[in-house]
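This report refers to the structure that appears directly beneath it.
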Amino acid sequence: MLLPACLRRCARLLFWIPVLVVIVVVMWSYYAYVVPFCWILLSSATQRVVFLCLFHLCFGMFSWSFWKAVSTPPSSPSVEFSTSDSLLYELERDDVAKSPILLEISQKLPVHTRTATGAIRFCHHCQLIKPDRCHHCSVCQTCVLKMDHHCLWLNNCMGFSNYKFFMLFLLYSLLYCLLIVSTVTPTVIQLWRGRLFDSCVKLHVLFLTLVSAIFAITLCFLLIFHIWLLTSNKTTLEWLSVPFFANGPGSKAFDVGVQANFLQVFGKKKRLWLFPVFSSEGDGHSFPLSCQMSSHGPPVKNGHERCVTQRTVASPKEAAVTIAVD
């Protein structure tokens, strides 16, 4: 028992290596931009001050977003979704006998998604009924609300509690790289034409431009992809595997319009949109469904023409639905 525990701790330490790599690269880029480029190669004092102010603004917002994305733990389902409080469930040993108990518990919860076979989604590791858009992370060893993905470079799960921080991290990372490329490239061109790459200082600037350009291209595609996910109200996992409901799959089940989709993540307070401060709407356990999808009955529109779901209590005959335990 002691050896597996030590191996798990060592594995957890290894997960921090990519984060350290990011920190080392960023700190090197800070040095290469401030010292070799701004203080040594730039001759104009005005240009130096403007570049340093813009650079530190981007660097500060990038560092803040990076720290929040790394340090903010993913949210887990509340105790209402746990079956540990159900004495009948704990007493039963047969999965078939547990099915009606889980079904009865799920009818009291805002659960709409199902497995591909139409069963209630249940996490065997955490012993809870999974809320909509919730998934179990094998790395974090917990169920994560509105899980998007586990980010290797941040060593954290991106979900309901920190997806806004991840989006801002991508945005400010891209702006950071673009600022470096746009301000350093003219100097690099002059050095290249004069073939003056004869010192360590100038090589720092050259490699800074190349590395920033490569990261900018990669981050641009990644940010565009996640903007599309955001405006479509999808997670990466839902893009890879369409969520299922009682009446079938629904690829656009949570799409309630571009503006509403954006506000679910960034909130209604516009002054907080550009800052890595939590402002997302809701509690991460339930989400409004689009007009095309409802798990317990046909969608009903209220006076504001927004769809709400109509829940019905299953009859004893309907309670024969199977329930998966994964």
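Naming scheme: A, B, ... for chains in displayed order of the structure tokens; residues 1 onward per chain; ligands 1 onward as shown.
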Those of segment 198-272 of chain A in DSSP strand (DSSP E), formatted as JSON, numbers by chain: {"A": [244, 245, 248, 249]}
Could you please write out, as a ChimeraX atom specification, every residue of segment 106-208 of chain A that DSSP assigns to helix (DSSP H, G or I)? /A:106,163-193,200-208
Go ahead and write the selection's residues with N, CA and C atoms as a compact mmCIF listing (two decimals), in the first residue's frame.
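Just written: result-v1.txt:
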# COMPACT_ATOMS: atom_id res chain seq x y z
N SER A 106 -32.87 10.58 -8.98
CA SER A 106 -32.64 11.47 -10.13
C SER A 106 -33.86 12.31 -10.45
N TYR A 163 -13.34 28.10 -16.54
CA TYR A 163 -13.27 28.16 -18.01
C TYR A 163 -13.08 29.59 -18.50
N LYS A 164 -13.66 30.56 -17.81
CA LYS A 164 -13.45 31.96 -18.17
C LYS A 164 -11.97 32.32 -18.04
N PHE A 165 -11.32 31.84 -16.98
CA PHE A 165 -9.90 32.12 -16.80
C PHE A 165 -9.07 31.49 -17.92
N PHE A 166 -9.49 30.31 -18.36
CA PHE A 166 -8.78 29.65 -19.46
C PHE A 166 -8.92 30.44 -20.75
N MET A 167 -10.11 30.95 -21.03
CA MET A 167 -10.32 31.76 -22.24
C MET A 167 -9.48 33.03 -22.19
N LEU A 168 -9.44 33.69 -21.04
CA LEU A 168 -8.63 34.90 -20.92
C LEU A 168 -7.14 34.57 -20.99
N PHE A 169 -6.76 33.41 -20.49
CA PHE A 169 -5.37 32.97 -20.60
C PHE A 169 -4.97 32.82 -22.06
N LEU A 170 -5.83 32.22 -22.87
CA LEU A 170 -5.55 32.10 -24.30
C LEU A 170 -5.49 33.48 -24.96
N LEU A 171 -6.42 34.36 -24.61
CA LEU A 171 -6.47 35.69 -25.21
C LEU A 171 -5.21 36.49 -24.91
N TYR A 172 -4.85 36.56 -23.63
CA TYR A 172 -3.69 37.37 -23.25
C TYR A 172 -2.38 36.71 -23.66
N SER A 173 -2.36 35.39 -23.77
CA SER A 173 -1.17 34.72 -24.31
C SER A 173 -0.96 35.11 -25.76
N LEU A 174 -2.05 35.14 -26.53
CA LEU A 174 -1.96 35.54 -27.93
C LEU A 174 -1.53 36.99 -28.07
N LEU A 175 -2.13 37.87 -27.27
CA LEU A 175 -1.75 39.29 -27.33
C LEU A 175 -0.30 39.49 -26.92
N TYR A 176 0.15 38.73 -25.95
CA TYR A 176 1.55 38.80 -25.49
C TYR A 176 2.51 38.44 -26.62
N CYS A 177 2.19 37.35 -27.31
CA CYS A 177 3.05 36.91 -28.42
C CYS A 177 2.99 37.88 -29.60
N LEU A 178 1.78 38.36 -29.92
CA LEU A 178 1.65 39.29 -31.04
C LEU A 178 2.37 40.61 -30.77
N LEU A 179 2.34 41.07 -29.52
CA LEU A 179 3.04 42.30 -29.17
C LEU A 179 4.54 42.13 -29.38
N ILE A 180 5.08 40.99 -28.95
CA ILE A 180 6.51 40.74 -29.12
C ILE A 180 6.87 40.69 -30.60
N VAL A 181 6.08 39.95 -31.38
CA VAL A 181 6.38 39.81 -32.80
C VAL A 181 6.31 41.15 -33.52
N SER A 182 5.28 41.92 -33.25
CA SER A 182 5.07 43.18 -33.96
C SER A 182 6.11 44.23 -33.61
N THR A 183 6.60 44.23 -32.39
CA THR A 183 7.57 45.25 -31.98
C THR A 183 9.02 44.84 -32.23
N VAL A 184 9.30 43.55 -32.20
CA VAL A 184 10.69 43.10 -32.35
C VAL A 184 11.05 42.82 -33.81
N THR A 185 10.08 42.46 -34.62
CA THR A 185 10.37 42.07 -36.01
C THR A 185 11.12 43.13 -36.81
N PRO A 186 10.76 44.42 -36.75
CA PRO A 186 11.55 45.42 -37.51
C PRO A 186 13.03 45.41 -37.14
N THR A 187 13.33 45.26 -35.85
CA THR A 187 14.73 45.22 -35.42
C THR A 187 15.42 43.96 -35.93
N VAL A 188 14.70 42.83 -35.92
CA VAL A 188 15.26 41.58 -36.41
C VAL A 188 15.56 41.67 -37.91
N ILE A 189 14.68 42.33 -38.67
CA ILE A 189 14.90 42.50 -40.11
C ILE A 189 16.16 43.32 -40.38
N GLN A 190 16.34 44.38 -39.59
CA GLN A 190 17.55 45.20 -39.75
C GLN A 190 18.80 44.40 -39.44
N LEU A 191 18.73 43.60 -38.38
CA LEU A 191 19.88 42.78 -38.02
C LEU A 191 20.15 41.72 -39.07
N TRP A 192 19.08 41.19 -39.64
CA TRP A 192 19.23 40.13 -40.65
C TRP A 192 19.86 40.69 -41.94
N ARG A 193 19.42 41.86 -42.36
CA ARG A 193 19.98 42.47 -43.57
C ARG A 193 21.45 42.82 -43.39
N CYS A 200 25.40 37.25 -28.32
CA CYS A 200 24.36 36.52 -27.60
C CYS A 200 23.10 37.36 -27.45
N VAL A 201 23.28 38.67 -27.30
CA VAL A 201 22.13 39.57 -27.15
C VAL A 201 21.24 39.52 -28.38
N LYS A 202 21.83 39.59 -29.55
CA LYS A 202 21.04 39.60 -30.79
C LYS A 202 20.42 38.24 -31.07
N LEU A 203 21.09 37.17 -30.66
CA LEU A 203 20.51 35.84 -30.82
C LEU A 203 19.30 35.66 -29.92
N HIS A 204 19.33 36.24 -28.74
CA HIS A 204 18.17 36.21 -27.85
C HIS A 204 16.96 36.84 -28.55
N VAL A 205 17.18 37.98 -29.19
CA VAL A 205 16.08 38.68 -29.87
C VAL A 205 15.58 37.88 -31.05
N LEU A 206 16.47 37.26 -31.79
CA LEU A 206 16.07 36.46 -32.94
C LEU A 206 15.21 35.27 -32.52
N PHE A 207 15.68 34.52 -31.53
CA PHE A 207 14.91 33.36 -31.08
C PHE A 207 13.61 33.78 -30.38
N LEU A 208 13.62 34.94 -29.74
CA LEU A 208 12.39 35.45 -29.12
C LEU A 208 11.33 35.68 -30.18
I'd like the neighbourhood of Thr142 of chain A as a PDB file with C-alpha atoms, in the first residue's frame, where a residue qualifies if any of its atoms comes within 10 Å (using only C-alpha atoms), though same-chain residues fewer than 2 positions away should be ignored.
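Saved file out-v4.pdb follows:
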ATOM      1  CA  PRO A  74     -12.552  22.629 -10.574  1.00  0.00           C
ATOM      2  CA  SER A  75     -16.016  22.609  -9.021  1.00  0.00           C
ATOM      3  CA  SER A  76     -17.518  19.290  -7.971  1.00  0.00           C
ATOM      4  CA  PRO A  77     -21.201  18.331  -7.666  1.00  0.00           C
ATOM      5  CA  CYS A 123     -20.167   7.819 -11.350  1.00  0.00           C
ATOM      6  CA  HIS A 125     -15.816   6.377  -8.297  1.00  0.00           C
ATOM      7  CA  CYS A 126     -17.512   9.376  -6.685  1.00  0.00           C
ATOM      8  CA  HIS A 135     -17.682  14.247 -16.174  1.00  0.00           C
ATOM      9  CA  HIS A 136     -15.186  12.342 -14.065  1.00  0.00           C
ATOM     10  CA  CYS A 137     -11.538  13.324 -14.548  1.00  0.00           C
ATOM     11  CA  SER A 138      -9.182  10.384 -14.166  1.00  0.00           C
ATOM     12  CA  VAL A 139      -6.249  12.730 -13.482  1.00  0.00           C
ATOM     13  CA  CYS A 140      -7.912  14.896 -10.826  1.00  0.00           C
ATOM     14  CA  VAL A 144     -15.968  18.168 -12.605  1.00  0.00           C
ATOM     15  CA  LEU A 145     -18.965  20.418 -13.281  1.00  0.00           C
ATOM     16  CA  CYS A 157      -9.317  20.648 -15.223  1.00  0.00           C
TER      17      CYS A 157
END
Might you pull out every residue within 7 Å of segment 228-233 of chain A, with only C-alpha atoms counted and same-chain residues fewer than 3 positions away left off, and present them as a tab-separated table (two decimals) with N, CA, C and O atoms, in the first residue's frame?
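This is the output file selection09.tsv:
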chain	number	residue	atom	x	y	z
A	224	ILE	N	-9.54	30.55	-31.57
A	224	ILE	CA	-10.68	30.53	-32.50
A	224	ILE	C	-11.56	29.32	-32.24
A	224	ILE	O	-12.80	29.41	-32.24
A	225	PHE	N	-10.93	28.18	-32.00
A	225	PHE	CA	-11.70	26.96	-31.72
A	225	PHE	C	-12.53	27.11	-30.46
A	225	PHE	O	-13.72	26.76	-30.43
A	254	PHE	N	-27.73	22.66	-25.61
A	254	PHE	CA	-27.49	23.75	-24.67
A	254	PHE	C	-27.27	25.09	-25.38
A	254	PHE	O	-26.96	26.08	-24.71
A	255	ASP	N	-27.44	25.12	-26.69
A	255	ASP	CA	-27.25	26.35	-27.46
A	255	ASP	C	-28.51	27.21	-27.35
A	255	ASP	O	-29.54	26.91	-27.94
A	258	VAL	N	-26.14	33.07	-29.26
A	258	VAL	CA	-24.75	33.49	-29.09
A	258	VAL	C	-24.59	34.38	-27.86
A	258	VAL	O	-23.68	34.19	-27.05
A	261	ASN	N	-25.18	32.41	-24.65
A	261	ASN	CA	-24.07	31.48	-24.46
A	261	ASN	C	-22.84	32.20	-23.91
A	261	ASN	O	-22.17	31.69	-23.01
A	262	PHE	N	-22.57	33.38	-24.44
A	262	PHE	CA	-21.42	34.17	-23.97
A	262	PHE	C	-21.61	34.60	-22.51
A	262	PHE	O	-20.69	34.53	-21.70
Using only C-alpha atoms, pick whichever of A:Leu222, A:Val265, A:Met147, A:Cys53 has the shortest atom-to-atom distance to Pro73 of chain A. A:Met147
Excluding Ser241 of chain A and residues on its chain fewer than 5 positions from it, collect all residues at most 12 Å away from it, counting only C-alpha atoms, and give them as a PyMOL selection string. chain A and resi 115-116+133+135+148+234-236+249-251
Take the residues from that selection and write them out as a PDB file, in the first residue's frame, keeping C-alpha atoms.
ATOM      1  CA  THR A 115     -25.962   7.636 -21.511  1.00  0.00           C
ATOM      2  CA  ALA A 116     -26.086   6.414 -25.110  1.00  0.00           C
ATOM      3  CA  ARG A 133     -22.331  18.269 -18.551  1.00  0.00           C
ATOM      4  CA  HIS A 135     -17.682  14.247 -16.174  1.00  0.00           C
ATOM      5  CA  ASP A 148     -14.283  20.994 -20.853  1.00  0.00           C
ATOM      6  CA  LYS A 234     -20.343  23.338 -26.238  1.00  0.00           C
ATOM      7  CA  THR A 235     -17.483  21.885 -24.275  1.00  0.00           C
ATOM      8  CA  THR A 236     -14.562  20.063 -25.854  1.00  0.00           C
ATOM      9  CA  PRO A 249     -28.678  12.826 -28.963  1.00  0.00           C
ATOM     10  CA  GLY A 250     -28.648  16.609 -28.992  1.00  0.00           C
ATOM     11  CA  SER A 251     -25.598  18.347 -30.432  1.00  0.00           C
TER      12      SER A 251
END
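Put simply, atom CA of His112 of chain A is 19.8 Å away from atom CA of Ala260 of chain A.
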For Phe275 of chain A, please output as a compact mmCIF listing (two decimals) with all heavy atoms, in the first residue's frame all residues within 10 Å (counting only C-alpha atoms; exclusion window: fewer than 4 positions along the same chain).
# COMPACT_ATOMS: atom_id res chain seq x y z
N MET A 61 -1.49 40.95 -17.32
CA MET A 61 -2.78 40.29 -17.53
C MET A 61 -2.59 38.81 -17.86
O MET A 61 -3.38 37.96 -17.43
CB MET A 61 -3.55 40.98 -18.65
CG MET A 61 -3.92 42.43 -18.34
SD MET A 61 -4.88 42.61 -16.82
CE MET A 61 -6.37 41.74 -17.23
N TRP A 64 -1.69 37.05 -14.54
CA TRP A 64 -2.87 36.95 -13.68
C TRP A 64 -3.80 35.84 -14.16
O TRP A 64 -4.26 35.01 -13.37
CB TRP A 64 -3.57 38.30 -13.66
CG TRP A 64 -4.70 38.40 -12.66
CD1 TRP A 64 -5.05 37.50 -11.70
CD2 TRP A 64 -5.62 39.49 -12.52
NE1 TRP A 64 -6.12 37.94 -10.98
CE2 TRP A 64 -6.50 39.16 -11.46
CE3 TRP A 64 -5.79 40.70 -13.21
CZ2 TRP A 64 -7.53 40.02 -11.07
CZ3 TRP A 64 -6.82 41.54 -12.81
CH2 TRP A 64 -7.68 41.20 -11.75
N SER A 65 -4.07 35.80 -15.45
CA SER A 65 -4.96 34.77 -16.02
C SER A 65 -4.33 33.38 -15.88
O SER A 65 -5.03 32.41 -15.56
CB SER A 65 -5.23 35.07 -17.49
OG SER A 65 -5.81 36.35 -17.66
N LYS A 164 -13.66 30.56 -17.81
CA LYS A 164 -13.45 31.96 -18.17
C LYS A 164 -11.97 32.32 -18.04
O LYS A 164 -11.41 33.02 -18.90
CB LYS A 164 -14.29 32.88 -17.28
CG LYS A 164 -14.04 34.35 -17.52
CD LYS A 164 -14.71 35.24 -16.50
CE LYS A 164 -14.32 36.70 -16.71
NZ LYS A 164 -14.90 37.60 -15.68
N PHE A 165 -11.32 31.84 -16.98
CA PHE A 165 -9.90 32.12 -16.80
C PHE A 165 -9.07 31.49 -17.92
O PHE A 165 -8.09 32.08 -18.37
CB PHE A 165 -9.42 31.58 -15.44
CG PHE A 165 -10.25 32.04 -14.28
CD1 PHE A 165 -10.39 31.26 -13.15
CD2 PHE A 165 -10.89 33.28 -14.30
CE1 PHE A 165 -11.15 31.68 -12.08
CE2 PHE A 165 -11.65 33.72 -13.23
CZ PHE A 165 -11.78 32.91 -12.11
N LEU A 168 -9.44 33.69 -21.04
CA LEU A 168 -8.63 34.90 -20.92
C LEU A 168 -7.14 34.57 -20.99
O LEU A 168 -6.34 35.37 -21.52
CB LEU A 168 -8.95 35.61 -19.60
CG LEU A 168 -10.34 36.24 -19.50
CD1 LEU A 168 -10.55 36.85 -18.13
CD2 LEU A 168 -10.55 37.29 -20.59
N PHE A 266 -19.08 34.51 -19.20
CA PHE A 266 -18.48 35.78 -18.79
C PHE A 266 -19.38 36.63 -17.89
O PHE A 266 -18.91 37.59 -17.30
CB PHE A 266 -18.07 36.59 -20.02
CG PHE A 266 -16.81 36.09 -20.66
CD1 PHE A 266 -16.83 35.04 -21.56
CD2 PHE A 266 -15.58 36.67 -20.35
CE1 PHE A 266 -15.66 34.57 -22.14
CE2 PHE A 266 -14.41 36.21 -20.92
CZ PHE A 266 -14.45 35.15 -21.82
N LYS A 270 -20.23 43.76 -17.52
CA LYS A 270 -19.27 43.99 -18.60
C LYS A 270 -17.91 44.44 -18.07
O LYS A 270 -16.89 44.17 -18.70
CB LYS A 270 -19.82 45.04 -19.57
CG LYS A 270 -21.09 44.61 -20.29
CD LYS A 270 -21.55 45.68 -21.26
CE LYS A 270 -22.81 45.23 -22.01
NZ LYS A 270 -23.28 46.26 -22.96
N ARG A 271 -17.89 45.11 -16.93
CA ARG A 271 -16.62 45.60 -16.40
C ARG A 271 -15.70 44.47 -15.95
O ARG A 271 -14.50 44.69 -15.73
CB ARG A 271 -16.89 46.55 -15.23
CG ARG A 271 -17.56 45.90 -14.02
CD ARG A 271 -17.77 46.91 -12.91
NE ARG A 271 -18.36 46.31 -11.73
CZ ARG A 271 -19.66 46.16 -11.54
NH1 ARG A 271 -20.52 46.59 -12.48
NH2 ARG A 271 -20.13 45.61 -10.44
N SER A 279 -17.23 35.42 -12.81
CA SER A 279 -18.47 36.14 -13.06
C SER A 279 -19.46 35.32 -13.86
O SER A 279 -20.43 35.86 -14.40
CB SER A 279 -18.17 37.46 -13.79
OG SER A 279 -17.52 37.20 -15.04
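What separates atom CA of Ser286 of chain A from atom CA of Pro131 of chain A is a distance of 7.0 Å.
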Point-to-point distance in Å for atom CA of Thr113 of chain A and atom CA of Pro243 of chain A: 6.7 Å
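The protein and nucleic acid residues lying at most 12 Å from segment 16-19 of chain A are Arg9, Cys10, Ala11, Arg12, Leu13, Val22, Ile23, Val24, Val25, Val26, Phe66, Trp67, Ala69, Val70, Ser71, Cys151, Leu152, Trp153, Leu154, Asn155 and Asn156 of chain A, with only C-alpha atoms considered and sequence neighbours fewer than 3 positions away removed.
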Same residues, C-alpha atoms, output as a PDB file, in the first residue's frame:
ATOM      1  CA  ARG A   9       2.661  11.232  -5.359  1.00  0.00           C
ATOM      2  CA  CYS A  10       5.567  11.032  -7.789  1.00  0.00           C
ATOM      3  CA  ALA A  11       3.138  11.009 -10.708  1.00  0.00           C
ATOM      4  CA  ARG A  12       1.436  14.118  -9.339  1.00  0.00           C
ATOM      5  CA  LEU A  13       4.800  15.861  -9.183  1.00  0.00           C
ATOM      6  CA  VAL A  22       5.670  27.327 -19.431  1.00  0.00           C
ATOM      7  CA  ILE A  23       6.974  29.429 -16.533  1.00  0.00           C
ATOM      8  CA  VAL A  24      10.609  29.061 -17.670  1.00  0.00           C
ATOM      9  CA  VAL A  25       9.775  30.018 -21.273  1.00  0.00           C
ATOM     10  CA  VAL A  26       7.761  33.048 -20.138  1.00  0.00           C
ATOM     11  CA  PHE A  66      -2.339  32.010 -15.977  1.00  0.00           C
ATOM     12  CA  TRP A  67      -2.265  31.961 -12.180  1.00  0.00           C
ATOM     13  CA  ALA A  69      -6.337  29.073 -14.471  1.00  0.00           C
ATOM     14  CA  VAL A  70      -3.729  26.999 -12.627  1.00  0.00           C
ATOM     15  CA  SER A  71      -4.766  27.678  -9.028  1.00  0.00           C
ATOM     16  CA  CYS A 151      -5.183  20.902 -19.611  1.00  0.00           C
ATOM     17  CA  LEU A 152      -1.709  19.379 -19.479  1.00  0.00           C
ATOM     18  CA  TRP A 153       0.040  22.768 -19.596  1.00  0.00           C
ATOM     19  CA  LEU A 154      -1.967  24.079 -16.642  1.00  0.00           C
ATOM     20  CA  ASN A 155      -2.207  20.795 -14.723  1.00  0.00           C
ATOM     21  CA  ASN A 156      -5.844  21.520 -14.020  1.00  0.00           C
TER      22      ASN A 156
END
